[in-house]
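With mmCIF, C-alpha atoms inside, this is work.cif:
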data_coords
#
loop_
_atom_site.label_atom_id
_atom_site.label_comp_id
_atom_site.auth_asym_id
_atom_site.auth_seq_id
_atom_site.Cartn_x
_atom_site.Cartn_y
_atom_site.Cartn_z
CA MET A 171 257.21 44.80 154.49
CA LYS A 172 258.34 42.10 156.87
CA MET A 173 261.55 40.42 155.77
CA GLN A 174 260.62 36.83 155.00
CA ARG A 175 263.89 34.99 155.36
CA VAL A 176 266.42 36.29 157.84
CA ASP A 177 269.82 34.67 158.12
CA TYR A 178 270.59 34.54 161.84
CA SER A 179 273.93 32.68 161.42
CA VAL A 180 276.24 35.42 162.63
CA TYR A 181 274.20 37.84 164.65
CA LEU A 182 276.05 40.92 165.90
CA VAL A 183 274.72 42.75 168.95
CA THR A 184 276.30 46.18 169.29
CA ASP A 185 277.67 47.70 172.47
CA ARG A 186 279.35 51.07 172.23
CA ASP A 187 280.95 50.71 175.66
CA LEU A 188 282.90 47.67 174.51
CA SER A 189 283.88 49.04 171.10
CA ARG A 190 287.24 50.41 172.21
CA GLY A 191 286.74 53.85 170.73
CA ARG A 192 285.48 52.70 167.38
CA THR A 193 282.02 53.95 166.42
CA THR A 194 279.10 51.58 166.19
CA LEU A 195 278.89 52.28 162.48
CA GLU A 196 282.56 51.32 162.05
CA ILE A 197 282.01 48.07 163.94
CA VAL A 198 278.88 47.26 161.95
CA GLN A 199 280.60 47.95 158.64
CA ALA A 200 283.59 45.81 159.55
CA ALA A 201 281.35 42.98 160.76
CA ALA A 202 279.29 43.14 157.57
CA ARG A 203 282.42 42.95 155.43
CA GLY A 204 283.48 39.91 157.43
CA GLY A 205 280.14 38.19 156.94
CA ALA A 206 277.82 39.09 159.81
CA THR A 207 274.30 38.24 158.63
CA CYS A 208 272.16 40.14 161.11
CA VAL A 209 272.72 43.19 163.32
CA GLN A 210 270.94 44.11 166.51
CA LEU A 211 271.45 47.70 167.55
CA ARG A 212 271.47 47.98 171.32
CA GLU A 213 271.66 51.43 172.90
CA LYS A 214 270.73 51.63 176.54
CA LYS A 215 272.15 54.98 177.47
CA CYS A 216 271.66 57.53 174.69
CA SER A 217 268.68 59.75 173.97
CA THR A 218 265.87 58.58 171.73
CA ARG A 219 266.94 61.04 169.07
CA GLU A 220 270.52 59.83 169.11
CA PHE A 221 269.35 56.19 168.98
CA ILE A 222 267.22 57.02 165.92
CA GLU A 223 270.08 58.83 164.20
CA GLN A 224 272.41 55.94 164.96
CA ALA A 225 269.86 53.46 163.60
CA ILE A 226 269.36 55.46 160.40
CA SER A 227 273.09 55.59 159.69
CA VAL A 228 273.47 51.86 160.25
CA LYS A 229 270.32 50.98 158.35
CA ASP A 230 271.29 52.76 155.16
CA PHE A 231 274.46 50.72 155.09
CA LEU A 232 272.91 47.36 156.02
CA HIS A 233 269.98 47.76 153.68
CA ALA A 234 272.35 47.98 150.73
CA GLN A 235 273.92 44.67 151.86
CA GLY A 236 270.65 42.84 152.47
CA ILE A 237 271.52 42.42 156.16
CA ALA A 238 268.68 42.59 158.66
CA LEU A 239 268.65 45.44 161.18
CA ILE A 240 266.99 44.63 164.47
CA ILE A 241 266.44 47.20 167.23
CA ASN A 242 266.86 46.21 170.85
CA ASP A 243 263.95 46.97 173.19
CA ARG A 244 262.63 50.14 171.52
CA VAL A 245 259.57 49.46 169.37
CA ASP A 246 259.25 53.20 168.70
CA VAL A 247 262.81 53.46 167.39
CA ALA A 248 262.23 50.41 165.20
CA GLN A 249 259.10 52.06 163.76
CA ALA A 250 260.88 55.41 163.36
CA VAL A 251 263.56 53.94 161.11
CA ASN A 252 261.45 51.19 159.58
CA ALA A 253 263.85 48.53 160.85
CA ASP A 254 263.53 44.87 159.91
CA GLY A 255 262.71 43.88 163.44
CA VAL A 256 262.75 44.46 167.14
CA HIS A 257 264.26 42.30 169.86
CA LEU A 258 262.46 42.16 173.19
CA GLY A 259 263.85 40.88 176.47
CA GLN A 260 261.80 39.68 179.40
CA THR A 261 261.76 43.19 180.91
CA ASP A 262 260.95 44.92 177.62
CA MET A 263 257.51 45.33 176.04
CA PRO A 264 255.41 42.13 176.20
CA LEU A 265 255.20 40.27 172.87
CA ALA A 266 251.43 40.64 172.51
CA THR A 267 251.64 44.40 173.05
CA ALA A 268 254.36 44.75 170.42
CA GLN A 269 252.35 42.65 167.99
CA ALA A 270 249.31 44.88 168.53
CA ILE A 271 251.41 47.94 167.72
CA LEU A 272 253.46 46.53 164.84
CA ARG A 273 250.72 44.46 163.16
CA ASP A 274 253.08 42.05 161.43
CA SER A 275 255.13 44.84 159.87
CA MET A 276 258.42 43.53 161.25
CA ILE A 277 260.17 40.59 162.86
CA ILE A 278 259.85 40.24 166.62
CA GLY A 279 262.54 38.32 168.47
CA ILE A 280 262.17 37.34 172.12
CA SER A 281 264.86 36.57 174.68
CA ALA A 282 264.13 33.30 176.44
CA GLU A 283 265.94 32.61 179.68
CA SER A 284 264.24 29.25 180.23
CA LEU A 285 262.40 26.50 178.41
CA ALA A 286 259.11 27.97 179.60
CA ASP A 287 260.00 31.41 178.14
CA ALA A 288 260.87 29.77 174.81
CA VAL A 289 257.67 27.76 174.59
CA GLN A 290 255.62 30.81 175.48
CA ALA A 291 257.42 32.96 172.90
CA GLU A 292 256.77 30.46 170.12
CA LYS A 293 253.15 30.03 171.17
CA GLY A 294 252.76 33.80 171.23
CA GLY A 295 254.01 34.11 167.65
CA ALA A 296 257.61 35.28 168.04
CA ASP A 297 259.66 35.10 164.84
CA TYR A 298 262.80 33.86 166.55
CA ILE A 299 264.17 33.28 170.01
CA GLY A 300 267.37 34.53 171.57
CA VAL A 301 268.37 31.75 173.96
CA SER A 302 270.06 33.62 176.77
CA PRO A 303 272.51 33.18 178.28
CA ILE A 304 274.14 30.03 176.96
CA PHE A 305 277.28 30.62 179.00
CA ASP A 306 278.36 33.15 181.59
CA THR A 307 279.03 36.51 180.06
CA PRO A 308 280.78 39.61 181.33
CA THR A 309 278.78 41.79 178.88
CA LYS A 310 275.49 41.70 180.74
CA THR A 311 275.25 41.50 184.49
CA ASP A 312 271.47 41.20 184.81
CA THR A 313 271.11 37.82 183.15
CA ALA A 314 269.61 34.57 184.39
CA PRO A 315 271.82 31.53 185.16
CA PRO A 316 273.46 30.02 182.05
CA LEU A 317 271.38 27.45 180.20
CA GLY A 318 274.39 25.62 178.83
CA LEU A 319 274.36 23.42 175.73
CA GLU A 320 272.00 21.02 177.49
CA GLY A 321 269.46 23.80 178.09
CA LEU A 322 269.80 24.83 174.43
CA ARG A 323 269.16 21.26 173.25
CA GLU A 324 266.10 21.05 175.46
CA ILE A 325 264.70 24.25 173.94
CA ARG A 326 265.56 23.01 170.44
CA ARG A 327 263.49 19.89 171.05
CA ALA A 328 260.54 21.99 172.27
CA VAL A 329 260.24 24.74 169.65
CA ARG A 330 260.46 25.01 165.86
CA ILE A 331 261.20 28.68 165.25
CA PRO A 332 264.80 29.86 164.72
CA LEU A 333 267.02 29.91 167.79
CA VAL A 334 269.94 32.26 168.26
CA GLY A 335 272.29 31.47 171.12
CA ILE A 336 273.72 34.38 173.09
CA GLY A 337 275.87 34.82 176.17
CA GLY A 338 279.58 34.14 176.32
CA LEU A 339 279.74 33.00 172.68
CA ASN A 340 282.91 33.30 170.63
CA GLN A 341 285.05 31.56 168.02
CA LYS A 342 285.86 28.76 170.47
CA ASN A 343 282.35 27.62 171.31
CA ALA A 344 280.28 28.75 168.30
CA ALA A 345 280.44 25.36 166.57
CA ASP A 346 279.11 23.61 169.70
CA VAL A 347 276.23 26.04 169.90
CA ILE A 348 275.23 25.35 166.30
CA ARG A 349 275.61 21.58 166.73
CA ASN A 350 273.36 21.73 169.77
CA GLY A 351 270.49 23.25 167.89
CA ALA A 352 271.04 26.97 167.35
CA ASP A 353 270.43 28.51 163.92
CA GLY A 354 272.87 31.24 164.71
CA VAL A 355 275.27 32.66 167.25
CA ALA A 356 274.77 36.12 168.66
CA VAL A 357 277.90 37.81 169.88
CA VAL A 358 278.81 41.10 171.43
CA SER A 359 282.41 41.28 172.58
CA ALA A 360 283.67 38.54 170.23
CA ILE A 361 283.21 41.09 167.43
CA VAL A 362 282.88 44.58 168.93
CA ALA A 363 285.86 44.22 171.26
CA ALA A 364 288.02 42.27 168.78
CA ASP A 365 291.30 43.77 167.55
CA ASP A 366 289.97 43.20 164.03
CA PRO A 367 286.14 43.01 164.02
CA GLU A 368 286.07 42.13 160.31
CA ALA A 369 288.39 39.15 160.80
CA ALA A 370 286.46 38.11 163.91
CA ALA A 371 283.17 38.10 162.00
CA ARG A 372 284.75 36.22 159.10
CA GLU A 373 286.08 33.52 161.38
CA LEU A 374 282.72 33.16 163.11
CA ARG A 375 280.96 32.91 159.77
CA GLN A 376 283.27 30.13 158.64
CA ILE A 377 282.85 28.25 161.92
CA VAL A 378 279.08 28.49 161.73
CA LEU A 379 278.93 27.44 158.08
CA ARG A 380 281.19 24.47 158.77
CA ALA A 381 279.20 23.40 161.81
CA LYS A 382 275.96 23.64 159.87
CA SER A 383 277.25 21.55 156.97
CA SER A 384 278.79 18.83 159.15
CA MET B 135 240.58 58.50 169.60
CA LYS B 136 242.49 61.71 170.15
CA MET B 137 241.21 63.69 173.12
CA GLN B 138 239.85 66.91 171.66
CA ARG B 139 239.99 69.33 174.55
CA VAL B 140 242.71 68.87 177.11
CA ASP B 141 242.80 71.05 180.18
CA TYR B 142 246.47 71.91 180.71
CA SER B 143 245.83 74.21 183.72
CA VAL B 144 247.58 72.13 186.37
CA TYR B 145 249.91 69.75 184.63
CA LEU B 146 251.70 67.28 186.88
CA VAL B 147 254.98 65.77 185.69
CA THR B 148 255.94 62.74 187.77
CA ASP B 149 259.37 62.00 189.19
CA ARG B 150 259.75 58.98 191.41
CA ASP B 151 263.12 60.14 192.72
CA LEU B 152 261.52 63.25 194.23
CA SER B 153 258.43 61.53 195.60
CA ARG B 154 259.87 60.94 199.07
CA GLY B 155 258.97 57.28 199.22
CA ARG B 156 255.42 57.64 197.98
CA THR B 157 254.59 55.69 194.83
CA THR B 158 253.88 57.47 191.57
CA LEU B 159 250.33 56.15 191.70
CA GLU B 160 249.85 57.63 195.18
CA ILE B 161 251.15 61.01 194.01
CA VAL B 162 248.97 60.95 190.90
CA GLN B 163 245.87 60.04 192.91
CA ALA B 164 246.49 62.77 195.46
CA ALA B 165 247.15 65.34 192.72
CA ALA B 166 243.98 64.32 190.91
CA ARG B 167 241.92 64.69 194.08
CA GLY B 168 243.41 68.14 194.53
CA GLY B 169 242.54 69.17 190.98
CA ALA B 170 245.46 68.37 188.66
CA THR B 171 244.04 68.42 185.14
CA CYS B 172 246.74 66.60 183.19
CA VAL B 173 249.45 64.09 184.11
CA GLN B 174 252.70 63.41 182.32
CA LEU B 175 254.34 60.17 183.35
CA ARG B 176 258.10 60.51 183.20
CA GLU B 177 260.24 57.44 183.85
CA LYS B 178 263.83 57.66 182.76
CA LYS B 179 265.36 54.77 184.64
CA CYS B 180 263.03 51.79 184.71
CA SER B 181 262.61 49.00 182.17
CA THR B 182 260.12 49.32 179.34
CA ARG B 183 257.93 46.67 180.94
CA GLU B 184 257.89 48.46 184.28
CA PHE B 185 257.11 51.77 182.56
CA ILE B 186 254.18 50.14 180.77
CA GLU B 187 252.87 48.57 183.98
CA GLN B 188 253.20 51.90 185.76
CA ALA B 189 251.37 53.66 182.93
CA ILE B 190 248.53 51.12 182.94
CA SER B 191 247.96 51.50 186.68
CA VAL B 192 247.91 55.28 186.42
CA LYS B 193 245.81 55.30 183.29
CA ASP B 194 242.99 53.23 184.72
CA PHE B 195 242.67 55.73 187.51
CA LEU B 196 242.98 58.88 185.38
CA HIS B 197 240.64 57.61 182.70
CA ALA B 198 237.85 57.33 185.25
CA GLN B 199 238.44 60.99 186.19
CA GLY B 200 238.64 62.32 182.63
CA ILE B 201 242.22 63.49 183.22
CA ALA B 202 244.64 63.24 180.30
CA LEU B 203 247.60 60.86 180.59
CA ILE B 204 250.66 61.91 178.62
CA ILE B 205 253.78 59.76 178.35
CA ASN B 206 257.20 61.37 178.38
CA ASP B 207 259.54 60.52 175.50
CA ARG B 208 258.38 56.94 174.81
CA VAL B 209 256.06 56.75 171.81
CA ASP B 210 256.03 52.94 172.16
CA VAL B 211 254.89 53.08 175.77
CA ALA B 212 252.20 55.61 174.82
CA GLN B 213 250.98 53.24 172.10
CA ALA B 214 251.19 50.22 174.40
CA VAL B 215 248.81 51.75 176.94
CA ASN B 216 246.78 53.82 174.51
CA ALA B 217 247.65 57.01 176.37
CA ASP B 218 246.09 60.36 175.52
CA GLY B 219 249.38 61.77 174.36
CA VAL B 220 253.13 61.79 174.26
CA HIS B 221 255.48 64.58 175.25
CA LEU B 222 258.68 64.96 173.25
CA GLY B 223 261.74 66.95 174.23
CA GLN B 224 264.36 68.26 171.86
CA THR B 225 266.43 65.06 172.28
CA ASP B 226 263.44 62.73 171.94
CA MET B 227 261.86 61.50 168.72
CA PRO B 228 261.43 64.28 166.13
CA LEU B 229 257.83 65.52 165.82
CA ALA B 230 257.41 64.48 162.18
CA THR B 231 258.58 60.94 162.95
CA ALA B 232 256.15 60.64 165.84
CA GLN B 233 253.33 61.95 163.66
CA ALA B 234 254.13 59.35 161.00
CA ILE B 235 253.92 56.59 163.61
CA LEU B 236 250.92 57.85 165.56
CA ARG B 237 248.83 59.12 162.64
CA ASP B 238 246.80 61.60 164.68
CA SER B 239 245.80 58.96 167.25
CA MET B 240 247.04 61.03 170.20
CA ILE B 241 248.17 64.44 171.36
CA ILE B 242 251.81 65.33 170.77
CA GLY B 243 253.39 67.96 172.99
CA ILE B 244 256.80 69.43 172.27
CA SER B 245 259.28 71.05 174.63
CA ALA B 246 260.45 74.38 173.29
CA GLU B 247 263.57 75.90 174.77
CA SER B 248 263.49 78.94 172.52
CA LEU B 249 261.19 81.03 170.38
CA ALA B 250 262.51 79.23 167.31
CA ASP B 251 261.67 75.82 168.82
CA ALA B 252 258.14 77.00 169.60
CA VAL B 253 257.48 78.41 166.14
CA GLN B 254 258.82 75.24 164.55
CA ALA B 255 256.69 73.02 166.81
CA GLU B 256 253.51 74.89 165.95
CA LYS B 257 254.37 74.87 162.25
CA GLY B 258 255.03 71.14 162.48
CA GLY B 259 251.61 70.48 163.95
CA ALA B 260 252.30 70.00 167.66
CA ASP B 261 249.18 70.01 169.85
CA TYR B 262 250.74 72.01 172.66
CA ILE B 263 254.11 73.37 173.70
CA GLY B 264 255.95 72.95 176.97
CA VAL B 265 257.87 76.21 177.36
CA SER B 266 261.00 75.11 179.17
CA PRO B 267 262.49 76.20 181.44
CA ILE B 268 260.71 79.32 182.61
CA PHE B 269 262.92 79.61 185.69
CA ASP B 270 265.93 77.75 187.02
CA THR B 271 265.01 74.34 188.32
CA PRO B 272 266.84 71.82 190.45
CA THR B 273 264.71 68.98 188.99
CA LYS B 274 266.42 68.83 185.63
CA THR B 275 270.08 69.56 185.12
CA ASP B 276 270.23 69.28 181.34
CA THR B 277 268.03 72.24 180.52
CA ALA B 278 268.65 75.35 178.45
CA PRO B 279 268.98 78.81 180.09
CA PRO B 280 265.71 80.04 181.64
CA LEU B 281 263.39 81.89 179.28
CA GLY B 282 261.81 83.97 182.03
CA LEU B 283 258.39 85.59 181.84
CA GLU B 284 259.64 87.82 179.03
CA GLY B 285 260.61 84.79 176.94
CA LEU B 286 257.21 83.24 177.63
CA ARG B 287 255.41 86.40 176.49
CA GLU B 288 257.48 86.48 173.32
CA ILE B 289 256.47 82.87 172.55
CA ARG B 290 252.83 83.65 173.41
CA ARG B 291 252.84 86.44 170.82
CA ALA B 292 254.30 84.12 168.18
CA VAL B 293 252.18 80.95 168.46
CA ARG B 294 248.52 80.14 168.96
CA ILE B 295 248.54 76.56 170.31
CA PRO B 296 248.33 75.93 174.08
CA LEU B 297 251.44 76.77 176.11
CA VAL B 298 252.39 75.05 179.33
CA GLY B 299 255.14 76.67 181.33
CA ILE B 300 257.62 74.40 183.11
CA GLY B 301 260.79 74.81 185.13
CA GLY B 302 260.93 76.12 188.66
CA LEU B 303 257.16 76.70 188.87
CA ASN B 304 255.29 76.62 192.15
CA GLN B 305 252.46 78.23 194.12
CA LYS B 306 254.43 81.50 194.34
CA ASN B 307 254.98 82.14 190.63
CA ALA B 308 252.14 80.21 188.95
CA ALA B 309 249.87 83.25 188.66
CA ASP B 310 252.60 85.24 186.89
CA VAL B 311 253.13 82.41 184.42
CA ILE B 312 249.44 82.34 183.55
CA ARG B 313 249.24 86.14 183.29
CA ASN B 314 252.19 86.11 180.92
CA GLY B 315 250.51 83.84 178.44
CA ALA B 316 250.61 80.22 179.60
CA ASP B 317 247.49 78.08 179.45
CA GLY B 318 248.81 75.94 182.25
CA VAL B 319 251.62 75.39 184.70
CA ALA B 320 253.56 72.18 184.68
CA VAL B 321 255.16 71.26 187.98
CA VAL B 322 257.27 68.44 189.30
CA SER B 323 258.54 69.07 192.83
CA ALA B 324 255.80 71.56 193.75
CA ILE B 325 253.46 68.56 193.86
CA VAL B 326 255.51 65.35 194.02
CA ALA B 327 257.83 66.58 196.77
CA ALA B 328 255.13 68.44 198.73
CA ASP B 329 254.26 67.34 202.27
CA ASP B 330 250.67 67.11 201.06
CA PRO B 331 250.50 66.64 197.27
CA GLU B 332 246.71 66.91 197.26
CA ALA B 333 246.75 70.25 199.05
CA ALA B 334 249.58 71.45 196.78
CA ALA B 335 247.60 70.57 193.67
CA ARG B 336 244.46 72.21 195.09
CA GLU B 337 246.30 75.43 195.83
CA LEU B 338 247.85 75.50 192.34
CA ARG B 339 244.45 74.91 190.78
CA GLN B 340 242.94 77.81 192.67
CA ILE B 341 245.84 80.10 191.78
CA VAL B 342 245.61 79.21 188.10
CA LEU B 343 241.82 79.61 187.99
CA ARG B 344 242.07 82.98 189.72
CA ALA B 345 244.83 84.18 187.39
CA LYS B 346 242.85 83.09 184.34
CA SER B 347 239.68 84.88 185.45
CA SER B 348 241.38 88.12 186.40
#

Produce structure tokens that represent the structure in this file.
Amino acid sequence: MKMQRVDYSVYLVTDRDLSRGRTTLEIVQAAARGGATCVQLREKKCSTREFIEQAISVKDFLHAQGIALIINDRVDVAQAVNADGVHLGQTDMPLATAQAILRDSMIIGISAESLADAVQAEKGGADYIGVSPIFDTPTKTDTAPPLGLEGLREIRRAVRIPLVGIGGLNQKNAADVIRNGADGVAVVSAIVAADDPEAAARELRQIVLRAKSS
Amino acid sequence: MKMQRVDYSVYLVTDRDLSRGRTTLEIVQAAARGGATCVQLREKKCSTREFIEQAISVKDFLHAQGIALIINDRVDVAQAVNADGVHLGQTDMPLATAQAILRDSMIIGISAESLADAVQAEKGGADYIGVSPIFDTPTKTDTAPPLGLEGLREIRRAVRIPLVGIGGLNQKNAADVIRNGADGVAVVSAIVAADDPEAAARELRQIVLRAKSS
């Protein structure tokens, strides 16, 4: 069953290489305690079997908390663990192909690197858009030029589905991202590389809630 | 619709790194002209979208020839292009998980690195087994110790589903592999790295046919 209302406010994207020796499960648990509302599991280097095992361990935990689990890129892994959704970048499976396979069984998020990408994703029936990158980010090196807050506002004016900003986001700029039209902030290093991932998630949650209510 | 009778006799496994500058499509076309009967597309390094595009280009060609297209590891890519099958190694998606996703829509082949793997794969409902590796191979570095012809015979005595030998196979040892119980020989470099992939496939086909009829 497709989750009907996902809270994208504080959207954690995992990265084991940046986790400073802590396991992905440890990071996810800490982030959830702090108030992360959505978790995207991103594993670019491990085997399919390891990715599935990782996803199962995380899912059991998140499910109990009512937090959405979204799988990066791999539609098959998302199906294998019955995740809440899949997130597809511009070099991942095309949206229409994923829809044909998944038949509305889960959320599909699309990374938009331009206004045109965002409009196309909404038109195609994406459930949400990852607006990427908002700022320069050291986490990913294959990204398009930053859209900035202006680019985010432009996309906000053009589409109605939820927008999650990503790319260089942290406790310092999260409020700006929300005020400029994002429904949530997606972060990698601001949580996974933090000294205290739980505290980092808690601070982000408070910043986002405050920005939304102001 | 699941292909009912697949001819595993000359089973090409692609590897773009070994193709000496020729595209995977060129290698596949040459191998098909020479008499390859089955093609497994293996892409470990490219993006999902590129893998799908690659698979579509190869599939259109193979479909017209009645040659089975099998996708390595990626159940989602196999679904995306409606391939004839998927091949799963011991670190790929577990067989039962793939069956739950694919619901008998395509062939599932399993790599067995031991007698126990093979027995389990047949019991689990695999359509064929890749017995791997028969001999030492420079193509893959993460393989188990070679099973040898003795190991192949032992597996042949234990299971009834089709067996495809893989690992260090070429025109010199293909006949032995067939005589020791394999239904087909899977090769990588013996075709993709050959000076003339079409001639290499033709020679393998003749060797396999001769070994089967003797």

Find the residues of chain A that sit at most 8 Å from chain B; for each, write down the nearest two atoms and how far apart they are in Å, to one decimal. Count only C-alpha atoms. Sort by chain, then by number going up, and give it as a tab-separated table.
residue	atom	partner	partner_atom	distance
A:Ser217	CA	B:Thr225	CA	6.0
A:Thr218	CA	B:Asp226	CA	4.8
A:Arg219	CA	B:Asp226	CA	4.8
A:Glu220	CA	B:Thr225	CA	7.4
A:Ile222	CA	B:Met227	CA	7.5
A:Asp243	CA	B:Thr182	CA	7.6
A:Arg244	CA	B:Asp210	CA	7.2
A:Val245	CA	B:Asp210	CA	5.7
A:Asp246	CA	B:Asp210	CA	4.7
A:Gln249	CA	B:Ile235	CA	6.9
A:Ala250	CA	B:Thr231	CA	6.0
A:Thr261	CA	B:Arg183	CA	5.2
A:Asp262	CA	B:Thr182	CA	4.8
A:Met263	CA	B:Arg183	CA	5.1
A:Pro264	CA	B:Arg183	CA	7.0
A:Thr267	CA	B:Ala214	CA	6.0
A:Ala268	CA	B:Ala214	CA	7.5
A:Ile271	CA	B:Gln213	CA	6.9

Polymer residues at most 10 Å from segment 250-259 of chain B, all atoms listed in the file, same-chain spacing of 6 or more positions, as a ChimeraX atom specification: /B:224,228-230,233,242-244,265,289-290,292-297

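If you look at atom CA of Glu247 of chain B and atom CA of Ser266 of chain B, they are 5.2 Å away from each other.
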
For the file shown, what are the residues hit by the PyMOL selection byres ((chain A and resi 341-345) around 12), laid out as a PyMOL selection string? chain A and resi 179-181+304-305+318-319+334-340+346-361+364+369-384

Step by step, work through what the PyMOL selection byres ((chain B and resi 193-201) around 9) selects in the shown file, and finish by giving those residues as a PyMOL selection string. chain B and resi 140-141+159+162-163+166+170-173+188-192+202-203+215-217

Separation of atom CA of Gly264 of chain B from atom CA of Glu160 of chain B, in Å and rounded to one decimal: 24.6 Å
